[in-house]
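Undergrad: I'd like to ask you about the structure that follows.
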Amino acid sequence: MAQNSKDAQKRASRAERRAAEAAAMKARAEQMEKERKQQTIIGAIVVAVLVILVAIGAFTVYHNMHKNAETQASTQTVEEAYDKLQKVKNTPKLVDKKGGLLISKDGYGKSVEGAPTVAIYMDFLCPGCGNLHRQLDEDLQKMVDAGQINLDLHFMAFMDKWSTDDYSSRAANAAIYLAEHDSDPSHLITFLEKMYAEDFQPEESSNYKSVSDDQIKEQMIASGVSEDVADKAFGRDYQDWLDAIDTYTPKRSELWNTSGTYKDSMTTPTVTINGKFWDMNQLSTAQETIEEGLLEAIGIKSDDIGKEGVMPSIGSDKDPISNTTGE
């Protein structure tokens, strides 16, 4: 009996040791797992912190580069800005040296002899540009088709900062791509009408509501552009050129306002007629709409719009007629 009792005690002692060892192993395993999880969490935090630091660093670098670029642009002379514009590799093929895209009844880049040239400088987000185009585009199309005017379009994209998604640049790039890849100028003028339509053109700054590439694409297709061209119009192919234009164009003193709050600086829309600045500030004094004022400035009656052979009186070389003096 005594021997049996001793054997039982030994077995119990071994069982207790095994249980204790198992418990210790389990405790160690749990501690290791806890430590592993803690290390994973710490590692994730470290990675997150590094990502934030990299992002902050990248933003700082971008901000400094952008600020430096703006500073350099503001200190450039008009000659320096022009030279830089000429060196841009992705310059649209149809534009002239100053960024103008000429349209006439004969197509892109061909002027009608004896017809005045109306140049419009615009940004697709500019509310004043929208107001001008809503009043003029229909008449401009008719006069172009009849050979009564040459139309010189200048796209700018300096108002990106007043949208949340570079609307001005995306719209301007799309318009230029359209012209470069669709041979019918009427499609471009129609596209302008649709982009500046009151129910489409977005407001600026805090009232801006995002407009997608697909929404702009719909306006292109509705203007007669093929879906194939419209699909490829959003690569921002001409962004470097637009950046150079936005630096050069406002430095051109011949485009500066000659009266009003913004005298001696450029604003959009800006209109020139036969290369001479058209002072739209005169319209309020003359109590004329933009449409009425333009027709008077080039010397044509509203009833004669679109009539082939009936030409504006100023021809291709005279200054615009004053809306206040009639001279």
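Just remember, in the structure tokens the first chain shown is A, the second B, etc., residues are 1-based per chain, and ligands are 1-based in the order shown.
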In region 122-236 of chain A, what's strand (DSSP E or B) per DSSP? Answer as a list in words?
TA: Met122, Asp123, Asn150, Leu151, Asp152, Leu153, His154, Phe155 and Met156 of chain A
Undergrad: Residues as selected, N, CA and C atoms, written as a short mmCIF file (atom, residue, chain, number, x, y, z; two decimals), in the first residue's frame, can you do that?
TA:
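Output saved as again_4.cif:
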data_model
loop_
_atom_site.label_atom_id
_atom_site.label_comp_id
_atom_site.auth_asym_id
_atom_site.auth_seq_id
_atom_site.Cartn_x
_atom_site.Cartn_y
_atom_site.Cartn_z
N MET A 122 -10.09 84.88 -72.88
CA MET A 122 -11.08 84.32 -71.97
C MET A 122 -10.50 83.27 -71.03
N ASP A 123 -11.25 83.03 -69.95
CA ASP A 123 -11.03 81.90 -69.05
C ASP A 123 -12.40 81.25 -68.85
N ASN A 150 -13.17 87.87 -88.95
CA ASN A 150 -12.25 86.81 -88.55
C ASN A 150 -12.28 86.78 -87.02
N LEU A 151 -12.32 85.61 -86.44
CA LEU A 151 -12.42 85.47 -84.99
C LEU A 151 -11.13 84.88 -84.44
N ASP A 152 -10.52 85.58 -83.48
CA ASP A 152 -9.23 85.18 -82.93
C ASP A 152 -9.42 84.84 -81.44
N LEU A 153 -9.37 83.56 -81.11
CA LEU A 153 -9.66 83.10 -79.75
C LEU A 153 -8.37 82.89 -78.95
N HIS A 154 -8.37 83.40 -77.73
CA HIS A 154 -7.21 83.25 -76.84
C HIS A 154 -7.66 82.60 -75.54
N PHE A 155 -7.25 81.36 -75.33
CA PHE A 155 -7.64 80.63 -74.12
C PHE A 155 -6.62 80.83 -73.02
N MET A 156 -7.13 81.08 -71.81
CA MET A 156 -6.28 81.23 -70.64
C MET A 156 -6.82 80.31 -69.53
#
Undergrad: Give me, as a list in words, all polymer residues having an atom no more than 8 Å from Ile273 (chain A), counting only C-alpha atoms and skipping those fewer than 4 positions away in the same chain.
TA: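 Listing them by chain and then by number gives Pro116, Thr117, Val118, Ala119, Phe277, Trp278, Ile298, Asp319 and Pro320 of chain A.
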Undergrad: With distances taken over only C-alpha atoms, which of A:Glu203, A:Asp145, A:Glu113, A:Glu180 is nearest to Cys129 (chain A)?
TA: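 Nearest candidate to Cys129 (chain A) out of A:Glu203, A:Asp145, A:Glu113, A:Glu180: A:Glu203.
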Undergrad: If we count only C-alpha atoms, what is near region 241-257 of chain A at a cut-off of 10 Å, once residues fewer than 2 positions away on the same chain are taken out, given as an MDAnalysis selection string?
TA: chainID A and resid 70 72:74 76:92 98:99 121 154:159 169 172:173 236:239 259:268 270:272 275:281
Undergrad: Considering only C-alpha atoms, return as a list in words whatever protein or nucleic-acid residues lie within 9 Å of Leu125 (chain A), sequence-local ones (same chain, fewer than 6 positions apart) excluded.
TA: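 My reading of the contact set: Ala157, Met159, Asp160, Trp162, Ser163, Tyr167, Ser168, Ala171, Tyr196, Gln201, Pro202, Glu203 and Glu204 of chain A.
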Undergrad: Write the residues you've just listed into a file as a PDB file, in the first residue's frame, and include N, CA, C and O atoms for each of them.
TA:
ATOM      1  N   ALA A 157      -6.007  80.095 -68.496  1.00  0.00           N
ATOM      2  CA  ALA A 157      -6.440  79.193 -67.415  1.00  0.00           C
ATOM      3  C   ALA A 157      -5.896  79.655 -66.066  1.00  0.00           C
ATOM      4  O   ALA A 157      -5.505  78.851 -65.239  1.00  0.00           O
ATOM      5  N   MET A 159      -7.562  80.985 -63.676  1.00  0.00           N
ATOM      6  CA  MET A 159      -8.544  80.945 -62.598  1.00  0.00           C
ATOM      7  C   MET A 159      -8.671  79.581 -61.921  1.00  0.00           C
ATOM      8  O   MET A 159      -9.624  79.341 -61.179  1.00  0.00           O
ATOM      9  N   ASP A 160      -7.717  78.701 -62.160  1.00  0.00           N
ATOM     10  CA  ASP A 160      -7.730  77.398 -61.479  1.00  0.00           C
ATOM     11  C   ASP A 160      -7.848  77.541 -59.966  1.00  0.00           C
ATOM     12  O   ASP A 160      -8.480  76.730 -59.296  1.00  0.00           O
ATOM     13  N   TRP A 162      -9.556  79.391 -58.274  1.00  0.00           N
ATOM     14  CA  TRP A 162     -10.922  79.651 -57.817  1.00  0.00           C
ATOM     15  C   TRP A 162     -11.851  78.466 -58.079  1.00  0.00           C
ATOM     16  O   TRP A 162     -13.073  78.605 -58.043  1.00  0.00           O
ATOM     17  N   SER A 163     -11.256  77.296 -58.342  1.00  0.00           N
ATOM     18  CA  SER A 163     -12.015  76.051 -58.410  1.00  0.00           C
ATOM     19  C   SER A 163     -11.285  75.028 -57.551  1.00  0.00           C
ATOM     20  O   SER A 163     -10.172  75.272 -57.094  1.00  0.00           O
ATOM     21  N   TYR A 167     -10.534  73.504 -62.951  1.00  0.00           N
ATOM     22  CA  TYR A 167     -11.546  73.558 -64.001  1.00  0.00           C
ATOM     23  C   TYR A 167     -11.073  74.341 -65.221  1.00  0.00           C
ATOM     24  O   TYR A 167     -11.244  73.907 -66.366  1.00  0.00           O
ATOM     25  N   SER A 168     -10.483  75.501 -64.992  1.00  0.00           N
ATOM     26  CA  SER A 168     -10.057  76.351 -66.111  1.00  0.00           C
ATOM     27  C   SER A 168      -9.082  75.624 -67.025  1.00  0.00           C
ATOM     28  O   SER A 168      -9.208  75.664 -68.255  1.00  0.00           O
ATOM     29  N   ALA A 171     -10.820  72.678 -68.944  1.00  0.00           N
ATOM     30  CA  ALA A 171     -11.692  73.165 -70.012  1.00  0.00           C
ATOM     31  C   ALA A 171     -10.886  73.746 -71.174  1.00  0.00           C
ATOM     32  O   ALA A 171     -11.186  73.490 -72.348  1.00  0.00           O
ATOM     33  N   TYR A 196     -20.257  78.035 -71.828  1.00  0.00           N
ATOM     34  CA  TYR A 196     -20.607  79.281 -71.161  1.00  0.00           C
ATOM     35  C   TYR A 196     -22.112  79.409 -70.910  1.00  0.00           C
ATOM     36  O   TYR A 196     -22.566  80.450 -70.422  1.00  0.00           O
ATOM     37  N   GLN A 201     -22.010  76.690 -66.995  1.00  0.00           N
ATOM     38  CA  GLN A 201     -20.797  77.310 -66.452  1.00  0.00           C
ATOM     39  C   GLN A 201     -20.864  77.377 -64.927  1.00  0.00           C
ATOM     40  O   GLN A 201     -21.812  77.925 -64.363  1.00  0.00           O
ATOM     41  N   PRO A 202     -19.862  76.828 -64.232  1.00  0.00           N
ATOM     42  CA  PRO A 202     -19.885  76.857 -62.767  1.00  0.00           C
ATOM     43  C   PRO A 202     -19.546  78.234 -62.224  1.00  0.00           C
ATOM     44  O   PRO A 202     -18.949  79.061 -62.916  1.00  0.00           O
ATOM     45  N   GLU A 203     -19.959  78.462 -60.978  1.00  0.00           N
ATOM     46  CA  GLU A 203     -19.567  79.693 -60.304  1.00  0.00           C
ATOM     47  C   GLU A 203     -18.155  79.541 -59.759  1.00  0.00           C
ATOM     48  O   GLU A 203     -17.613  78.434 -59.696  1.00  0.00           O
ATOM     49  N   GLU A 204     -17.563  80.632 -59.335  1.00  0.00           N
ATOM     50  CA  GLU A 204     -16.184  80.606 -58.867  1.00  0.00           C
ATOM     51  C   GLU A 204     -16.108  80.612 -57.346  1.00  0.00           C
ATOM     52  O   GLU A 204     -17.105  80.823 -56.653  1.00  0.00           O
TER      53      GLU A 204
END
Undergrad: Can you tell me which residues surround Glu198 (chain A) at a distance of at most 10 Å, considering only C-alpha atoms, apart from same-chain residues fewer than 4 positions away, and format the answer as a list in words?
TA: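 Listing them by chain and then by number gives Pro127, Gly130, Asn131, Arg134, Glu193, Lys194, Pro202 and Glu203 of chain A.
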Undergrad: Do you know which residues are at most 9 Å from region 283-289 of chain A counting only C-alpha atoms, after dropping those on the same chain fewer than 3 positions away, and could you put them as a PDB file with C-alpha atoms, in the first residue's frame?
TA:
ATOM      1  CA  GLN A 135     -24.537  87.613 -75.774  1.00  0.00           C
ATOM      2  CA  ASP A 279     -13.021  99.590 -74.071  1.00  0.00           C
ATOM      3  CA  MET A 280     -16.193  97.880 -72.838  1.00  0.00           C
ATOM      4  CA  GLU A 292     -25.087  96.257 -79.459  1.00  0.00           C
ATOM      5  CA  GLY A 293     -21.701  97.717 -78.562  1.00  0.00           C
ATOM      6  CA  LEU A 294     -19.682  95.245 -80.621  1.00  0.00           C
ATOM      7  CA  ASN A 323     -19.287 103.594 -78.422  1.00  0.00           C
ATOM      8  CA  THR A 324     -19.503 106.998 -76.766  1.00  0.00           C
ATOM      9  CA  THR A 325     -18.560 109.363 -79.577  1.00  0.00           C
TER      10      THR A 325
END
Undergrad: Any idea what's packed within 10 Å of Lys93 (chain A), counting only C-alpha atoms, ignoring anything in its chain fewer than 4 positions away? Could you give it as a PyMOL selection string?
TA: chain A and resi 101+176+179-180
